[in-house]
Each structure stands twice: as structure tokens, then as C-alpha cells.
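In what follows, a structure is listed as C-alpha cells, so that the remarks can point back to it.
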Amino acid sequence: MDRRSFLALTARSSQYLVAAAFLAGCVRGAAIAAAASPKGGGHDARDRAAASSRLARLGPLGPADDNGIRLPEGFRSRVVGISGRQPVPGSDYDWHGAPDGGATFPTGDGGWIYVSNSEIDRGRGGVGALRFAADGTLTDAYPILTGTSRNCAGGATPWGTWLSCEEVVDGQVWECDPEGRRDAVVRPALGRFRHEAVAVDPERSQLYLTEDESDGRWYRFTPQASRPGERPDLEIGTLEVARVEDGTVRWLPIDDPEARRTPTRYQVPESTPFRSAEGTAYHDGTVYFATKGDGRVWAYEIESARLTVRYDAATAPVAILTGVDNLEVSGEGDVLVAEDGGDMQIVVLAPDGTVVPLLQVTGHFGSEITGPAFSPDGRRLYFSSQRGAFGFRTPGMTYEITGPFV
């Protein structure tokens, strides 16, 4: 099958999923009508953000397209991966199930690679990769990590690797080569716990890690030998846990990162618990992370060691954003938050505090949006609907959005 036939097949498949969801009770008209409600995001909110956020002023979401995605005017979507099918015919690689956290990496030929975790249990998880040419043509698909469990989120490093996190009780972090040329390497020094995501501070070569437990902790890892601008050695270093007092963070060392005797979150009793921490991202001296248990997005200013709540669903005038999960940050400092459930939206938190939806997936019940990541030039956005239209009964879908992002 040639590429054009494959794309036509994926489009027809996604149309079928959306149509089937409508027959199960989804009325598209209700979703379209939501555009006029506060939850859908109106012109007033976008106007307030006009001075600070390009993404927040793209305009209201339109009707769902052929892939069931509501987008601002001038944007379009395409399916680039369906779980269990070959993204590139003849590549002998089927796109993985339960696609989760992801990131993009530039390639030497002007193209890029999008990597995506697989949140499947019992050693059937891992990481897959999609390679794109400079013109956006999908040219290759392949695995870069296999045999691991519940690879949830993770984080890209400034030195060009992907840190994939296992969300199991004794989960670890695996450092992966997006090109797939080098074997993935486990990093025990980053701790054994229910890992969710990692953000790297490139100025200090420090890593910030989230833990998806109802009383999970927030961690920082400092490599033993690291110099600004150089690739740090993640084999040896100090793992610390956060204690928050009056909005100021103190970092306390953990004696047993591999949790041989006591889970890491209980080793320092005075450390501060967070309710199911999820995605995290670094931008311009600030680390952001989400806690799904209380619907919050946090901002940590590294220089001042101050931690504040950037968004709180419980106190927001209109709870446009719920089910906070994976994060991505634009070059202008907009925090993009993917919803686990909620309205199946990717929502923009603009620098001035404005909250508006960027896109919405319709007809996918029991799923979540995962893996938002811009291409290296900021002109394309990738993400997945992890469990498709009917939860685990249908394949996960990975999408590319193009339009006037920049």
C-alpha cells in the first residue's frame, strides 16, 4: 500500500470511530454548541490575552473535522499513528498501544522525530518513534525501548535524549536514543518509585521528577559531576525531595533512592506530599508541574525557590481546565495542559493567567489526551488520544496539527 492510500485508510478509520461514538450517544451538535459557552472559551477571554499570548488569541474552536477534532480557524489535523497498525507501510513496526508522554527532536537533515511512550503493563510497554522529513512527510517508524512497564510520561533532555518513566511501584527512568541507534540505559540513581515525568533545568543540569501517588512527592536530582553546557552523568548524583514551607522550597537528601527498605516518599517524613503529580516542563527558569488529585498546575521559580499555584480548578471562576495531566510549554511561555478526561481538550494557560482551549477531541469516551509536543520549529503540534473512542476497546490515535502557530 502506498503512502496516499495509507493516509486515506487512517482518515476513514478515524471517521468510523467518531461515527460509532456518535451512534453510542455522542451528539456532535452538543459539542459544537459548547463553543458558545464559557467552557468552550469565548472571544472575551482571548482578547484579554492578546498582548501576551499568540496561542490564546487564535480564535474560538470550530466544528469537529473529519478526525473528530475541533480546532481554531486555519488549522487542520491528520492521523500519523494508530495502535496496532503500521504508520509507515513496509516498516514492519506497528504503532504501540496506549500512547502517552512524548517529545520531538531535530534531525540532521532538517526533519524531526516524535517519540511516544506506551503505557502498557507487564513488560509490554516501551517507547516508539515517528521520523519526519523536512517537509513533514512521515518516513519511518520504529521502537527505541521495549520490555518495560507502564511508560507514562518522561522528558526530553537538552543533550538530545528521551527520559522515559515507568509508572509502577518500583518504576525506573530509562534514557533513550530518539534515533534508535543506541540501546536504552536505565538510570537507577533517579530513584525507584511510581515515576510520571521529568523536566531538565539546562542551566544547572538538574532534573525535576514527579511521582503519581495520592501522597507522592516531588524530587530533584543533581548529577555528581556536571558543568553548565556539558552533558551530565546520570549514573551518580544526589536525589532530593521537596519540603514546602510558606511557598519556599527546601530540598532534603534521600538516603536510599532505590527504595531497598522504604519507599522514597516516606524516607523523609517532613517532605511535602502532592496529590498525584503528573506532567512537568521547564521554561526560562521556571519548572511547571500538574497535580491531578487537586486539579492544580504549579510554577517553581528556581532562582528564588518559590512555589506558587498557577491554576486551580477548584477556585477558577470558570473551570475550563479539569483532569490536568501532560504539559508542554511554547516558546512564548504558554503552558499547554492536556486533559485526562475532562472535555478532552488541550488548554492554554497564557502568561497573564488567561485560560482558553486550543483544541478538543470529540467522541472519545474514557480516553485522555497525552503527549503534546511542538515540532522543533514550533509549526506543528503532536498528541494522542490514548485509548481511542471507546476506552481500551479501540486503538489509541496519534495526531499532527498544522496551522498558523507561529
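Each chain of the C-alpha cells is named A, B, ... in the order shown, its residues numbered from 1; ligands are numbered from 1 in display order.
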Pick out the residues sitting within 6 Å of stretch 151-165 of chain A, and hand them over as a PDB file with C-alpha atoms, in the first residue's frame; count only C-alpha atoms, and ignore anything fewer than 4 positions along from it in its own chain.
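In the end it all went to part.pdb:
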ATOM      1  CA  ASP A 100       1.335   8.536  26.398  1.00  0.00           C
ATOM      2  CA  GLY A 101       4.030  11.163  27.013  1.00  0.00           C
ATOM      3  CA  ASN A 117       5.662   6.230  25.443  1.00  0.00           C
ATOM      4  CA  SER A 118       3.483   3.129  25.695  1.00  0.00           C
ATOM      5  CA  GLU A 119       1.605   2.887  28.996  1.00  0.00           C
ATOM      6  CA  GLY A 125       5.368  -1.078  27.343  1.00  0.00           C
ATOM      7  CA  GLY A 126       8.255   0.926  25.931  1.00  0.00           C
ATOM      8  CA  VAL A 173      13.763   6.038  34.353  1.00  0.00           C
ATOM      9  CA  TRP A 174      15.218   4.880  31.043  1.00  0.00           C
ATOM     10  CA  GLU A 175      17.389   7.143  28.887  1.00  0.00           C
ATOM     11  CA  CYS A 176      16.606   6.528  25.221  1.00  0.00           C
ATOM     12  CA  ASP A 177      18.168   7.499  21.894  1.00  0.00           C
ATOM     13  CA  HIS A 195       7.585   7.820  38.099  1.00  0.00           C
ATOM     14  CA  GLU A 196       5.487  10.154  35.984  1.00  0.00           C
ATOM     15  CA  ALA A 197       7.557  12.854  34.278  1.00  0.00           C
ATOM     16  CA  VAL A 198      10.930  14.640  34.215  1.00  0.00           C
ATOM     17  CA  ALA A 199      11.903  18.244  33.462  1.00  0.00           C
TER      18      ALA A 199
END
Test item, strand (DSSP E) assignment across stretch 56-292 of chain A, answer as an NGL selection string: :A and (69-70 or 76-82 or 99-106 or 112-118 or 126-132 or 138-146 or 151-156 or 162-166 or 173-176 or 185-186 or 195-201 or 206-211 or 218-223 or 237-245 or 248-253 or 277-283 or 286-291)
Those same residues, written as a CSV table (one decimal), in the first residue's frame with C-alpha atoms?
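Dumped to result.csv:
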chain,number,residue,atom,x,y,z
A,69,ILE,CA,-11.1,17.3,16.4
A,70,ARG,CA,-12.3,20.9,17.0
A,76,ARG,CA,-6.1,21.1,10.3
A,77,SER,CA,-5.3,17.6,11.7
A,78,ARG,CA,-4.0,14.3,10.3
A,79,VAL,CA,-3.6,10.9,11.9
A,80,VAL,CA,0.0,9.8,12.0
A,81,GLY,CA,-0.3,6.7,14.1
A,82,ILE,CA,-3.0,4.1,15.1
A,99,PRO,CA,0.4,6.1,23.6
A,100,ASP,CA,1.3,8.5,26.4
A,101,GLY,CA,4.0,11.2,27.0
A,102,GLY,CA,6.0,12.4,24.0
A,103,ALA,CA,8.6,14.9,22.7
A,104,THR,CA,10.2,15.9,19.5
A,105,PHE,CA,13.9,16.0,18.5
A,106,PRO,CA,15.5,17.7,15.4
A,112,TRP,CA,12.5,15.7,13.3
A,113,ILE,CA,11.5,12.7,15.4
A,114,TYR,CA,8.4,12.4,17.6
A,115,VAL,CA,8.8,9.8,20.4
A,116,SER,CA,5.9,8.4,22.4
A,117,ASN,CA,5.7,6.2,25.4
A,118,SER,CA,3.5,3.1,25.7
A,126,GLY,CA,8.3,0.9,25.9
A,127,VAL,CA,8.7,3.8,23.5
A,128,GLY,CA,8.0,4.2,19.8
A,129,ALA,CA,9.3,6.8,17.4
A,130,LEU,CA,8.0,8.5,14.2
A,131,ARG,CA,10.5,10.1,11.9
A,132,PHE,CA,9.5,13.1,9.6
A,138,LEU,CA,6.4,10.6,7.6
A,139,THR,CA,9.4,8.4,6.6
A,140,ASP,CA,10.0,5.9,9.3
A,141,ALA,CA,8.6,4.3,12.5
A,142,TYR,CA,10.5,2.1,15.0
A,143,PRO,CA,10.9,1.2,18.7
A,144,ILE,CA,13.5,2.8,20.9
A,145,LEU,CA,12.7,1.0,24.1
A,146,THR,CA,11.0,-2.4,24.7
A,151,ASN,CA,5.9,4.0,30.4
A,152,CYS,CA,3.8,7.0,31.3
A,153,ALA,CA,5.4,10.4,30.7
A,154,GLY,CA,9.0,11.5,30.8
A,155,GLY,CA,11.0,14.3,29.5
A,156,ALA,CA,13.4,15.4,26.8
A,162,TRP,CA,14.4,11.0,25.9
A,163,LEU,CA,13.9,10.0,29.6
A,164,SER,CA,11.0,7.5,29.7
A,165,CYS,CA,9.4,7.0,33.1
A,166,GLU,CA,7.8,3.8,34.4
A,173,VAL,CA,13.8,6.0,34.4
A,174,TRP,CA,15.2,4.9,31.0
A,175,GLU,CA,17.4,7.1,28.9
A,176,CYS,CA,16.6,6.5,25.2
A,185,VAL,CA,20.0,2.7,29.5
A,186,VAL,CA,18.3,2.5,32.9
A,195,HIS,CA,7.6,7.8,38.1
A,196,GLU,CA,5.5,10.2,36.0
A,197,ALA,CA,7.6,12.9,34.3
A,198,VAL,CA,10.9,14.6,34.2
A,199,ALA,CA,11.9,18.2,33.5
A,200,VAL,CA,15.5,19.3,33.0
A,201,ASP,CA,17.0,22.6,34.0
A,206,GLN,CA,19.3,19.4,37.4
A,207,LEU,CA,16.4,17.1,36.9
A,208,TYR,CA,12.9,17.5,38.5
A,209,LEU,CA,10.8,14.4,38.8
A,210,THR,CA,7.1,13.9,39.6
A,211,GLU,CA,5.5,10.9,41.4
A,218,TRP,CA,8.3,16.0,44.1
A,219,TYR,CA,12.0,15.3,43.6
A,220,ARG,CA,15.2,16.9,42.3
A,221,PHE,CA,18.3,15.1,41.0
A,222,THR,CA,21.7,16.7,40.8
A,223,PRO,CA,24.4,14.8,38.9
A,237,GLY,CA,24.3,12.0,41.9
A,238,THR,CA,22.0,13.2,44.7
A,239,LEU,CA,18.3,12.6,44.8
A,240,GLU,CA,16.4,15.1,47.0
A,241,VAL,CA,12.8,15.6,48.0
A,242,ALA,CA,10.9,18.8,48.4
A,243,ARG,CA,9.7,20.4,51.6
A,244,VAL,CA,7.5,23.4,51.1
A,245,GLU,CA,7.1,26.0,53.9
A,248,THR,CA,9.5,28.3,49.7
A,249,VAL,CA,11.1,25.0,48.7
A,250,ARG,CA,13.9,23.3,50.6
A,251,TRP,CA,15.5,20.2,49.1
A,252,LEU,CA,16.3,17.4,51.5
A,253,PRO,CA,18.5,14.4,50.5
A,277,ALA,CA,1.7,14.7,40.3
A,278,GLU,CA,1.6,14.4,36.5
A,279,GLY,CA,3.3,16.2,33.7
A,280,THR,CA,6.2,18.6,34.2
A,281,ALA,CA,8.1,21.0,31.9
A,282,TYR,CA,10.9,23.6,32.2
A,283,HIS,CA,10.8,27.1,30.6
A,286,THR,CA,10.6,28.0,35.9
A,287,VAL,CA,9.6,24.4,36.4
A,288,TYR,CA,5.9,23.7,35.9
A,289,PHE,CA,4.0,20.6,37.0
A,290,ALA,CA,0.5,19.4,37.4
A,291,THR,CA,-1.3,17.5,40.2
Interatomic distance, atom CA of A:Asp121 to atom CA of A:Thr370 (Å, one decimal): 17.2 Å
With only C-alpha atoms as the counted atoms, please give the residues lying no more than 12 Å from A:Gly74, apart from itself and same-chain residues fewer than 3 positions off, as an mmCIF file with N, CA and C atoms, in the first residue's frame.
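Everything below was put into around_6.cif:
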data_model
loop_
_atom_site.group_PDB
_atom_site.id
_atom_site.type_symbol
_atom_site.label_atom_id
_atom_site.label_comp_id
_atom_site.auth_asym_id
_atom_site.auth_seq_id
_atom_site.Cartn_x
_atom_site.Cartn_y
_atom_site.Cartn_z
ATOM 1 N N LEU A 58 -5.850 32.731 18.985
ATOM 2 C CA LEU A 58 -6.035 32.101 17.687
ATOM 3 C C LEU A 58 -7.496 32.086 17.251
ATOM 4 N N GLY A 59 -8.394 32.235 18.190
ATOM 5 C CA GLY A 59 -9.811 32.260 17.837
ATOM 6 C C GLY A 59 -10.558 31.087 18.438
ATOM 7 N N PRO A 60 -11.892 31.125 18.447
ATOM 8 C CA PRO A 60 -12.680 30.052 19.056
ATOM 9 C C PRO A 60 -12.568 28.742 18.268
ATOM 10 N N LEU A 61 -12.883 27.652 18.933
ATOM 11 C CA LEU A 61 -12.847 26.351 18.273
ATOM 12 C C LEU A 61 -14.032 26.208 17.323
ATOM 13 N N GLY A 62 -13.763 25.644 16.162
ATOM 14 C CA GLY A 62 -14.817 25.411 15.186
ATOM 15 C C GLY A 62 -15.435 24.035 15.355
ATOM 16 N N ASP A 65 -13.638 18.339 12.840
ATOM 17 C CA ASP A 65 -13.246 17.991 11.472
ATOM 18 C C ASP A 65 -13.465 16.503 11.223
ATOM 19 N N ARG A 70 -11.905 19.483 17.095
ATOM 20 C CA ARG A 70 -12.282 20.889 16.979
ATOM 21 C C ARG A 70 -11.031 21.744 17.080
ATOM 22 N N LEU A 71 -10.860 22.644 16.117
ATOM 23 C CA LEU A 71 -9.652 23.456 16.015
ATOM 24 C C LEU A 71 -10.023 24.902 15.710
ATOM 25 N N SER A 77 -5.923 18.763 10.968
ATOM 26 C CA SER A 77 -5.350 17.608 11.652
ATOM 27 C C SER A 77 -5.126 16.468 10.676
ATOM 28 N N ILE A 401 -1.149 18.371 14.270
ATOM 29 C CA ILE A 401 -1.916 19.570 13.996
ATOM 30 C C ILE A 401 -0.994 20.578 13.311
ATOM 31 N N THR A 402 -1.453 21.131 12.184
ATOM 32 C CA THR A 402 -0.692 22.160 11.494
ATOM 33 C C THR A 402 -1.571 23.400 11.346
ATOM 34 N N GLY A 403 -0.928 24.548 11.238
ATOM 35 C CA GLY A 403 -1.654 25.804 11.121
ATOM 36 C C GLY A 403 -0.770 26.956 11.543
ATOM 37 N N PRO A 404 -1.328 28.146 11.652
ATOM 38 C CA PRO A 404 -0.536 29.344 11.978
ATOM 39 C C PRO A 404 -0.162 29.450 13.457
ATOM 40 N N PHE A 405 0.582 28.448 13.960
ATOM 41 C CA PHE A 405 1.061 28.533 15.336
ATOM 42 C C PHE A 405 2.044 29.672 15.486
#
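In the backbone-derived DSSP annotation, alpha helix (DSSP H) within stretch 27-227 of chain A comprises Arg28, Gly29, Ala30, Ala31, Ile32, Ala33, His43, Asp44, Ala45, Arg46, Asp47 and Arg48 of chain A.
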Output for the residues just chosen: all heavy atoms as a tab-separated table (two decimals), in the first residue's frame:
chain	number	residue	atom	x	y	z
A	28	ARG	N	-22.89	15.45	18.04
A	28	ARG	CA	-21.91	16.46	17.68
A	28	ARG	C	-22.45	17.87	17.88
A	28	ARG	O	-21.73	18.79	18.25
A	28	ARG	CB	-21.48	16.28	16.22
A	28	ARG	CG	-20.48	17.34	15.75
A	28	ARG	CD	-19.97	17.09	14.36
A	28	ARG	NE	-19.14	15.90	14.34
A	28	ARG	CZ	-18.51	15.49	13.23
A	28	ARG	NH1	-18.63	16.14	12.12
A	28	ARG	NH2	-17.77	14.40	13.27
A	29	GLY	N	-23.73	18.04	17.67
A	29	GLY	CA	-24.30	19.37	17.85
A	29	GLY	C	-24.09	19.90	19.25
A	29	GLY	O	-23.88	21.09	19.44
A	30	ALA	N	-24.13	19.01	20.24
A	30	ALA	CA	-23.91	19.46	21.62
A	30	ALA	C	-22.49	19.95	21.79
A	30	ALA	O	-22.22	20.93	22.48
A	30	ALA	CB	-24.20	18.32	22.59
A	31	ALA	N	-21.53	19.25	21.16
A	31	ALA	CA	-20.14	19.68	21.27
A	31	ALA	C	-19.93	21.02	20.59
A	31	ALA	O	-19.20	21.89	21.08
A	31	ALA	CB	-19.22	18.63	20.64
A	32	ILE	N	-20.59	21.21	19.44
A	32	ILE	CA	-20.44	22.48	18.74
A	32	ILE	C	-21.07	23.61	19.54
A	32	ILE	O	-20.53	24.71	19.64
A	32	ILE	CB	-21.08	22.38	17.34
A	32	ILE	CG1	-20.33	21.35	16.50
A	32	ILE	CG2	-21.08	23.73	16.64
A	32	ILE	CD1	-20.98	21.06	15.17
A	33	ALA	N	-22.22	23.32	20.14
A	33	ALA	CA	-22.88	24.35	20.94
A	33	ALA	C	-22.03	24.80	22.10
A	33	ALA	O	-22.11	25.94	22.54
A	33	ALA	CB	-24.23	23.82	21.45
A	43	HIS	N	-14.53	34.93	22.87
A	43	HIS	CA	-13.65	35.99	22.39
A	43	HIS	C	-13.14	36.87	23.52
A	43	HIS	O	-12.01	37.35	23.47
A	43	HIS	CB	-14.41	36.86	21.38
A	43	HIS	CG	-14.67	36.15	20.09
A	43	HIS	ND1	-13.68	35.91	19.17
A	43	HIS	CD2	-15.81	35.62	19.57
A	43	HIS	CE1	-14.19	35.28	18.12
A	43	HIS	NE2	-15.47	35.09	18.34
A	44	ASP	N	-13.95	37.09	24.56
A	44	ASP	CA	-13.53	37.97	25.65
A	44	ASP	C	-12.25	37.48	26.30
A	44	ASP	O	-11.32	38.24	26.56
A	44	ASP	CB	-14.64	38.10	26.70
A	44	ASP	CG	-15.85	38.86	26.16
A	44	ASP	OD1	-15.68	39.54	25.12
A	44	ASP	OD2	-16.92	38.77	26.78
A	45	ALA	N	-12.23	36.17	26.62
A	45	ALA	CA	-11.04	35.61	27.27
A	45	ALA	C	-9.83	35.74	26.37
A	45	ALA	O	-8.73	36.06	26.81
A	45	ALA	CB	-11.29	34.15	27.64
A	46	ARG	N	-10.03	35.48	25.06
A	46	ARG	CA	-8.90	35.56	24.14
A	46	ARG	C	-8.42	37.00	23.98
A	46	ARG	O	-7.22	37.25	23.85
A	46	ARG	CB	-9.30	34.96	22.79
A	46	ARG	CG	-9.59	33.47	22.87
A	46	ARG	CD	-9.94	32.90	21.53
A	46	ARG	NE	-10.40	31.54	21.66
A	46	ARG	CZ	-9.60	30.48	21.72
A	46	ARG	NH1	-8.30	30.64	21.66
A	46	ARG	NH2	-10.10	29.27	21.84
A	47	ASP	N	-9.34	37.96	23.98
A	47	ASP	CA	-8.93	39.36	23.85
A	47	ASP	C	-8.05	39.80	25.02
A	47	ASP	O	-7.11	40.57	24.84
A	47	ASP	CB	-10.18	40.25	23.77
A	47	ASP	CG	-10.92	40.09	22.46
A	47	ASP	OD1	-10.31	39.52	21.52
A	47	ASP	OD2	-12.09	40.49	22.38
A	48	ARG	N	-8.36	39.29	26.21
A	48	ARG	CA	-7.55	39.67	27.38
A	48	ARG	C	-6.12	39.17	27.25
A	48	ARG	O	-5.21	39.71	27.87
A	48	ARG	CB	-8.20	39.12	28.66
A	48	ARG	CG	-9.49	39.82	29.04
A	48	ARG	CD	-9.85	39.47	30.48
A	48	ARG	NE	-10.04	38.05	30.69
A	48	ARG	CZ	-11.21	37.43	30.53
A	48	ARG	NH1	-12.27	38.11	30.13
A	48	ARG	NH2	-11.33	36.13	30.75
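Nearest residue to A:Asp377 among A:Gly285, A:Pro273, A:Gly191, A:Gly136 is A:Gly136, counting only C-alpha atoms.
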Spatial neighbours of A:Thr394, 9 Å, only C-alpha atoms, chain gap at least 4 places, as JSON, numbers by chain: {"A": [17, 83, 387, 388, 389, 390]}
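Excluding A:Gln267 itself and same-chain residues fewer than 3 positions from it, the residues having an atom within 10 Å of it are Val241, Pro253, Ile254, Asp255, Asp256, Pro257, Ala259, Arg261, Thr262, Pro263, Thr264, Glu270 and Ser271 of chain A, counting only C-alpha atoms.
Interatomic distance, atom CA of A:Thr315 against atom CA of A:Pro63: 29.4 Å.
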